[in-house]
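These notes are about the structure you will find just below.
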Amino acid sequence: MSVLRPFRATDLFKFNNINMDIWTETYGISFYLSYLARWPDLCCAQEAPSGRMMGYIIGKAEGPGTDWHGHVTALTVAPEYRRLSLARKMMDLLEHVSDQSYRGYFVDLYVRCTNQAAITMYERLGYSVYRRVREYYGSLGLGRSAKDEEDAFENTGAPIDAMAVFTDMRKPLSRDPYRRSVRPGGREIVVSAHDVS
Amino acid sequence: MHTQYVLLPSFRTLIEAIDTGSNKTALSSCNKLLKKQPQNDLVKALKALALSRLQKFEEAGALCEEILASKPTDESTLGAMSHTLRGLGRHMDIITMYESAWKQQPGNEELAIQTFSANARTGNWKLAQQVAIRLHKQFKEDRYLYWNVFCAVLQLEQASDPTTLPPLRPVLYKLAHRLITTSEVPSFYSPDRFYVHILILKELGLYEEAAALLESEKGKDICGRSLICDELRREIWVLKGSVKEEGQRAQDRILKKDDRNWLEFLSVLNATFHDINSTEEPTEETMAACQDQINKTQVFFAEIADRDGARDRSGPLALLELELRARKIALSIDPSALYTLTESYFQQYGDKPCCYEDLLPYVADFNVEDLSRWTSFLRMYTLSDTLDDLRRTTNALKLIRYSLTPAELTPESENARAAQYMDIYYNGLKHGKDLADTELQHADDLLALAAHAFVNSWKISGDQANLYNAITVLEFGLTRSKQAYQFRLMLIRIYHILGAPSLALEHYRLLNVKQVQTDTLSHFILTRASTFALSSLGDLTYSTECIEASQIYQSNSLDTAEFVIRAFLTEKYSQIADFVTLEDRLDNSLQRDLMKMEHVRMRVAHEPISAELVDVELVELKFIFDRLHYDNRDFDILPNYQPRSQPTFNEQTKMFGKIPGKGWLWMFLKVYILACRHASDMDDTAEEKLVLGDRPKTNPNIEAVKLPLQERLAMRPQEELDELTSDELALVNFETSVAEWLGPHHDFIRPLPSVEHTNGTKQIENPHTTNGTNGHSKKLDEQPTSKEPPEIATQFFDEMKQRFDTALQASSLPPELLHIVTLTQEAFLLFAIETTRFKSSAVVKAHKLGAVVQSIKDIRSKAAAVLTAMSVELDKLAAADGSPERSQVFIDACQPLVASEITEEFVSEVAKKVVDARKQIVEGIAKGVAKVCKNHA
Ligand SMILES: CC(C)(COP(=O)(O)OP(=O)(O)OC[C@H]1O[C@@H](n2cnc3c(N)ncnc32)[C@H](O)[C@@H]1OP(=O)(O)O)[C@@H](O)C(=O)NCCC(=O)NCCS
């Protein structure tokens, strides 16, 4: 049982149980407000009947021409509420709004290559890898250092020069019936962070 | 902000320096440019910006005055000025500046928008609305009409705008309604305009009209895409009494659209019980009708539950909720239904971590028989060989624990339970041995349960050994599950109780608390931080922590209002009220000022008590004294698996059993304001100079603010006193009595704050802070007579020494001793603040204060003697604390834990850390006290 409701500015006081997570970044106030001030309909939260927050999604709409799409900036569910389809429902909503309200061609997101759980989930939800993105500097404040990332790749035997940090995944919406926004073999396509946005 | 000058290379250097924050370079570029063009306002404005960033506020302010006097209209200059003034907190000046520019260029829409924004920034919705009206008249854009309307809404929503009298409410809303309906473009134009429209209708009680809009094709479409509008729609349906209709609609959504939002289920439930809930005395007929409804709903939910199976738990939970509500009004037919549903829920979802939380409300309603059946049912779950088993067993153990009665909770039984939890925990670890170190262990909650049992055992028996055990298991848990933040939070609490603050701080830092979390979570480490701070020795760890944690308030006051403005510009009206609330709650955060108070307490122990310190703190504390605080602290983040017959883990692990709140803050503010205003020679003009930017708005919702400061300082309401520990209360009484004793002399000697204030407007705004700044409006004519010091003051130090000796003999936990000692030290310091004035022999001579000064000396030397004695005792204690025997006590206590996983070595490492940390703090406080005595002898 969970209540699907809009994400609100005052949720910043309540989201600790969700954000105490290594894959979830706590940004400055401006970050959340800049999303809410533009795409409030792409931000929502799941709440337990007790009022405790369970998870949230924050998204935006962007891109020129046929690149116009919905983007998942943050999606996270508190550990105790995982595997209850909460993420699935929030993704459903974001896709629905990206499709119906924004008339986007697809939805996309970046996920850390080391975040296997999330990648599996997105695949189950119909997302496919569009490309992978290298990024050498900064760990975006995630608990793992760039060194950890490197190690993770060494362990997989991937050549260091092909080291990718983010996986860019996409799923076409109804406005892209011929699936032009996705492509097979995206995993093999590695670009550097400079080439992206 | 820099279009027209960009061509000049020297100018480009300047802009670059400003943009990159190279303020010194920027400053020198400005000076160079100003030599060539001394009247260039833009350069001056940038210079002011650089100056303010370099903290040269006075110079920056003066330059701003100069620029403002020239009434600039150039957008770049205005932009730079707006930036600078915002940094200086001078929002009122920004408003006047844009107003004047707009007046000079009435056709300039950008200036008009900026004038609107400047007003919005300060939350002055009434003035902002007037600007919006003018904007709409002149530029005819629809959005200005909505700005106008929404400013009216904000005026009314915030009772904090006292100028809007209640009878004005309907008038303003009606006006807003008329405006929206006269607009050519219907509000369907965007979800946010639609939201505003419905909101107004709601406020006016025009529910049918709202419903008609919502029911229209376009309305439905919007609600289908906007959760925000849909939320409002639900409210309207309830308000117009169409609860049943809404229930039907929700059923449709659940059935046909597969909507599993719990709100839909709640709508069905509310509809089911509506007949009864909407009358005071339901007739038999209504009861029967409701019974019938319950049966129908039951069938409906059962069908959903059947259909969804394990996919979604809404159906079974809705059945439980239905049964619980039916029981509450005696309409349950089957007394065993609640039990049966609970059991079957467990069978179905027992492998989900949230099963425990889901079932609590229903288990809480069990009768004795249900309970014993329930417990025997749960006892069957003991396995942990598969992951599914482990999860079920964890939930079963949590649920059994939840219902334990006080009779079942002895130290022995709790320790036995802890051992049981740990056994299963160890076995459960195998399911996670391949997990990456970014993941949590599946068995973590079992370890949390063990820690709960140990803490409860300590609570019942008072035996510290249990806390040692709790620490050891939690520390071990963290070696297996690095991200288990809940273990860290529990450890932080326990380390504080045991007096090992440095270890608590270490864990806190590993939590990587940042941004807004510093407001909600820093209480874990900064509550009564002065008890553990070694600022007396120059160690500023906690002071720095306070300052860093306070940064969020600066960025809030700089940034949040900008997003309010942005939301107007992007027309996201649905967000504005929340943004305003966020800003307000951070600005007036209780934690913010609790930290400030701790910071002051640490500061006086660290720094010499100078006039500057006294004046600055006096001004700041008085500001805080006018605030209406919000408590944003997050305590729910601590897990709680204690039986419901016991206090929660949070309750059990509060240091000294009390968490400071508003009352505590209020009492400490009074104490420090009392002492500082006696010590201060500041008059109003001097005080004005210390105030940077606009005075904060006083909140009209605080009754007490309307009283003279003097009276407010004397108030001692019970609910405030209740938040103090007995030792803190003693401190308050001490300062109160000293202030009463010395007050008349201070008042006679010190220069009075000028009564005639030059700036009349300020007096009207807030008569109490100006004319009554320091609480006196007329000088005493006669020298006050010297009195004997009050008994409370003369005996305080002896009594504290007694308290200390008793605590020492009772071998209390170190924090209690440190609490007594640091408060005694604080009394000594407050006494120093109160008596600095009488150190000047000229003053003593002129006012014939020989007798008073003798009494002061007596008290001071008594205080120093007591503190020295305490320091000596603490030193001894530290030596004992650090001894190998102490480690051994810890190690022995944890012996039962030692097994294949937790090794002897591990335990002794933990023991050593704890013992060292305790020794270190006790020793530090002892040294600090000695130093403070010496400094203020
Ligand atoms: C990734 C995350 C958001 C998933 O949330 P969730 O609510 O548990 O996901 P759902 O229950 O909706 O899962 C939907 C489907 O995704 C798949 N899935 C989700 N988590 C999975 C995991 N850990 N392993 C394998 N598959 C998983 C499953 O197929 C699942 O369906 P199922 O449970 O019926 O098998 C959550 O684990 C999380 O918050 N992680 C930390 C933050 C994060 O990594 N965010 C993503 C960054 S882009």
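In the structure tokens, the first chain shown is A, the next is B, and so on; residue numbers restart at 1 for each chain, and ligands run from 1 in the order shown.
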List as a CSV table (one decimal) with N, CA and C atoms, in the first residue's frame the protein and nucleic acid residues near stretch 185-187 of chain A, meaning an atom at most 12 Å away when only C-alpha atoms are counted, but skip any in the same chain fewer than 3 places from it.
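File written: out-v5.csv
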chain,number,residue,atom,x,y,z
A,113,CYS,N,27.4,2.5,-14.5
A,113,CYS,CA,27.6,1.1,-15.0
A,113,CYS,C,27.7,0.1,-13.9
A,119,ILE,N,20.3,-1.3,-13.5
A,119,ILE,CA,20.3,-1.6,-14.9
A,119,ILE,C,19.4,-2.8,-15.2
A,127,TYR,N,13.8,-0.7,-21.2
A,127,TYR,CA,14.8,0.2,-21.6
A,127,TYR,C,16.0,-0.6,-22.2
A,128,SER,N,16.6,0.1,-23.2
A,128,SER,CA,17.8,-0.6,-23.7
A,128,SER,C,19.0,0.4,-23.8
A,129,VAL,N,20.1,-0.2,-23.8
A,129,VAL,CA,21.3,0.7,-23.8
A,129,VAL,C,21.5,1.4,-25.1
A,130,TYR,N,21.6,2.7,-25.0
A,130,TYR,CA,21.8,3.5,-26.2
A,130,TYR,C,23.2,3.8,-26.5
A,131,ARG,N,24.0,4.0,-25.4
A,131,ARG,CA,25.4,4.2,-25.4
A,131,ARG,C,25.9,4.2,-24.0
A,132,ARG,N,27.2,4.1,-23.9
A,132,ARG,CA,27.8,4.3,-22.6
A,132,ARG,C,28.8,5.5,-22.6
A,133,VAL,N,28.9,6.1,-21.5
A,133,VAL,CA,29.6,7.4,-21.4
A,133,VAL,C,30.8,7.3,-20.4
A,162,ALA,N,38.2,1.6,-22.6
A,162,ALA,CA,36.8,1.5,-23.0
A,162,ALA,C,35.9,1.8,-21.7
A,163,MET,N,36.6,2.2,-20.7
A,163,MET,CA,35.9,2.3,-19.4
A,163,MET,C,34.8,3.3,-19.5
A,164,ALA,N,33.6,2.9,-19.2
A,164,ALA,CA,32.5,3.7,-19.2
A,164,ALA,C,31.9,3.8,-17.8
A,165,VAL,N,31.5,5.0,-17.4
A,165,VAL,CA,31.0,5.2,-16.1
A,165,VAL,C,29.4,5.2,-16.1
A,166,PHE,N,28.9,5.8,-17.1
A,166,PHE,CA,27.4,5.8,-17.2
A,166,PHE,C,26.9,5.0,-18.3
A,167,THR,N,25.7,4.4,-18.1
A,167,THR,CA,25.0,3.8,-19.2
A,167,THR,C,23.8,4.7,-19.5
A,168,ASP,N,23.7,5.0,-20.8
A,168,ASP,CA,22.6,5.8,-21.2
A,168,ASP,C,21.5,4.9,-21.8
A,169,MET,N,20.4,4.9,-21.1
A,169,MET,CA,19.3,3.9,-21.6
A,169,MET,C,18.1,4.7,-22.0
A,170,ARG,N,17.4,4.0,-23.0
A,170,ARG,CA,16.2,4.7,-23.6
A,170,ARG,C,15.1,3.8,-23.8
A,181,SER,N,14.4,6.2,-31.8
A,181,SER,CA,15.2,6.7,-30.8
A,181,SER,C,16.1,5.7,-30.1
A,182,VAL,N,15.9,4.4,-30.4
A,182,VAL,CA,16.8,3.4,-29.8
A,182,VAL,C,17.6,2.7,-30.9
A,190,VAL,N,30.8,3.6,-27.0
A,190,VAL,CA,31.3,4.4,-25.8
A,190,VAL,C,31.7,5.8,-26.3
A,191,VAL,N,31.1,6.8,-25.7
A,191,VAL,CA,31.5,8.1,-26.0
A,191,VAL,C,32.0,8.8,-24.8
Excluding B:Val910 and residues on its chain fewer than 4 positions from it, collect all residues at most 10 Å away from it, counting only C-alpha atoms, and give them as a list in words. Tyr468, Ile471, Thr472, Glu475, Phe476, Ser887, Phe890, Ile891, Glu905, Phe906, Val914, Val915 and Asp916 of chain B
Show me which bits of chain A are within 9 Å of chain B, counting only C-alpha atoms, as a ChimeraX atom specification. /A:1-6,8-10,12-17,20-23,26-30,33-34,36-42,44,48-49,52,79-85,93,96-97,100-101,143-144
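With only C-alpha atoms and all ligand atoms counted, the chains near ligand 1 contribute these residues within 6 Å: Trp23, Thr24, Ala74, Leu75, Thr76, Val77, Ala78, Arg82, Arg83, Leu84, Ser85, Leu86, Ala87, Arg88, Tyr110, Val111, Ala117, Ala118, Thr120, Met121 and Arg124 of chain A.
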Quick one: residues within 9 Å of B:Leu818, only C-alpha atoms, excluding same-chain residues fewer than 5 positions away - as number ranges by chain? B: 499, 531-532, 823, 874, 921-922, 925
Selection: 12 Å around A:Glu95, only C-alpha atoms, excl. self and same-chain fewer than 2 positions, as a ChimeraX atom specification: /A:41-43,57,59-61,69-72,88-93,97-109,125-127,170-175 /B:225
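Once B:Phe828 and its same-chain neighbours fewer than 4 positions away are set aside, Thr824, Ala832 and Ala863 of chain B remain within 7 Å of it when counting only C-alpha atoms.
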Mind writing the picked residues with all heavy atoms as an mmCIF file, in the first residue's frame?
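Writing the result to out.cif gives the following:
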data_model
loop_
_atom_site.group_PDB
_atom_site.id
_atom_site.type_symbol
_atom_site.label_atom_id
_atom_site.label_comp_id
_atom_site.auth_asym_id
_atom_site.auth_seq_id
_atom_site.Cartn_x
_atom_site.Cartn_y
_atom_site.Cartn_z
ATOM 1 N N THR B 824 28.486 23.930 35.550
ATOM 2 C CA THR B 824 29.105 24.724 36.615
ATOM 3 C C THR B 824 30.069 25.735 35.986
ATOM 4 O O THR B 824 30.111 26.905 36.356
ATOM 5 C CB THR B 824 29.870 23.797 37.588
ATOM 6 O OG1 THR B 824 29.006 22.720 37.954
ATOM 7 C CG2 THR B 824 30.287 24.547 38.834
ATOM 8 N N ALA B 832 31.104 35.749 35.018
ATOM 9 C CA ALA B 832 32.150 36.634 34.502
ATOM 10 C C ALA B 832 31.550 37.694 33.590
ATOM 11 O O ALA B 832 31.929 38.873 33.647
ATOM 12 C CB ALA B 832 33.202 35.820 33.756
ATOM 13 N N ALA B 863 33.614 29.641 43.293
ATOM 14 C CA ALA B 863 33.400 28.950 42.024
ATOM 15 C C ALA B 863 34.695 28.314 41.532
ATOM 16 O O ALA B 863 34.732 27.144 41.133
ATOM 17 C CB ALA B 863 32.860 29.915 40.985
#
Residue set, stretch 4-171 of chain A restricted to alpha helix (DSSP H), as a ChimeraX atom specification: /A:16-19,29-36,86-100,116-124,146-156
Find the spatial neighbours of B:Val368, counting only C-alpha atoms, within a cut-off of 12 Å - ignore same-chain residues fewer than 4 positions away - and output them as a PDB file with C-alpha atoms, in the first residue's frame.
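Result file out_11.pdb:
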ATOM      1  CA  TYR B 339      -6.717 -12.507  12.926  1.00  0.00           C
ATOM      2  CA  VAL B 363      -1.821  -6.526  15.451  1.00  0.00           C
ATOM      3  CA  ALA B 364      -2.300  -3.590  17.799  1.00  0.00           C
ATOM      4  CA  SER B 372      -1.331 -15.896  21.882  1.00  0.00           C
ATOM      5  CA  ARG B 373      -2.433 -17.591  18.698  1.00  0.00           C
ATOM      6  CA  TRP B 374      -0.446 -15.091  16.694  1.00  0.00           C
ATOM      7  CA  THR B 375       2.686 -15.626  18.712  1.00  0.00           C
ATOM      8  CA  SER B 403       3.753  -7.756  21.309  1.00  0.00           C
ATOM      9  CA  LEU B 404       5.968  -8.706  24.248  1.00  0.00           C
ATOM     10  CA  THR B 405       4.469  -7.693  27.582  1.00  0.00           C
TER      11      THR B 405
END
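Neighbours of stretch 197-207 of chain B closer than or equal to 8 Å, with only C-alpha atoms counted and sequence neighbours fewer than 2 positions away skipped, come out as B:Val153, B:Pro170, B:Tyr173, B:Lys174, B:Ala176, B:His177, B:Ile180, B:Ser187, B:Arg193, B:Phe194, B:Tyr195, B:Glu209, B:Ala210, B:Ala211, B:Leu232, B:Ile236, B:Trp237, B:Leu239, B:Lys240.
Pairwise distance (atom CA of B:His606, atom CA of B:Ala686) equals 25.1 Å.
The space separating atom CA of B:Ser543 from atom CA of B:His523 comes to 13.7 Å.
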Please return, as JSON, numbers by chain, all residues of chain A that DSSP assigns to strand (DSSP E) on the basis of the backbone. {"A": [3, 4, 5, 6, 43, 44, 45, 46, 47, 53, 54, 55, 56, 57, 58, 59, 60, 61, 62, 69, 70, 71, 72, 73, 74, 75, 76, 77, 106, 107, 108, 109, 110, 111, 112, 128, 129, 130, 131, 132, 133, 134, 166, 167, 168, 169, 170, 171, 172, 190, 191, 192]}
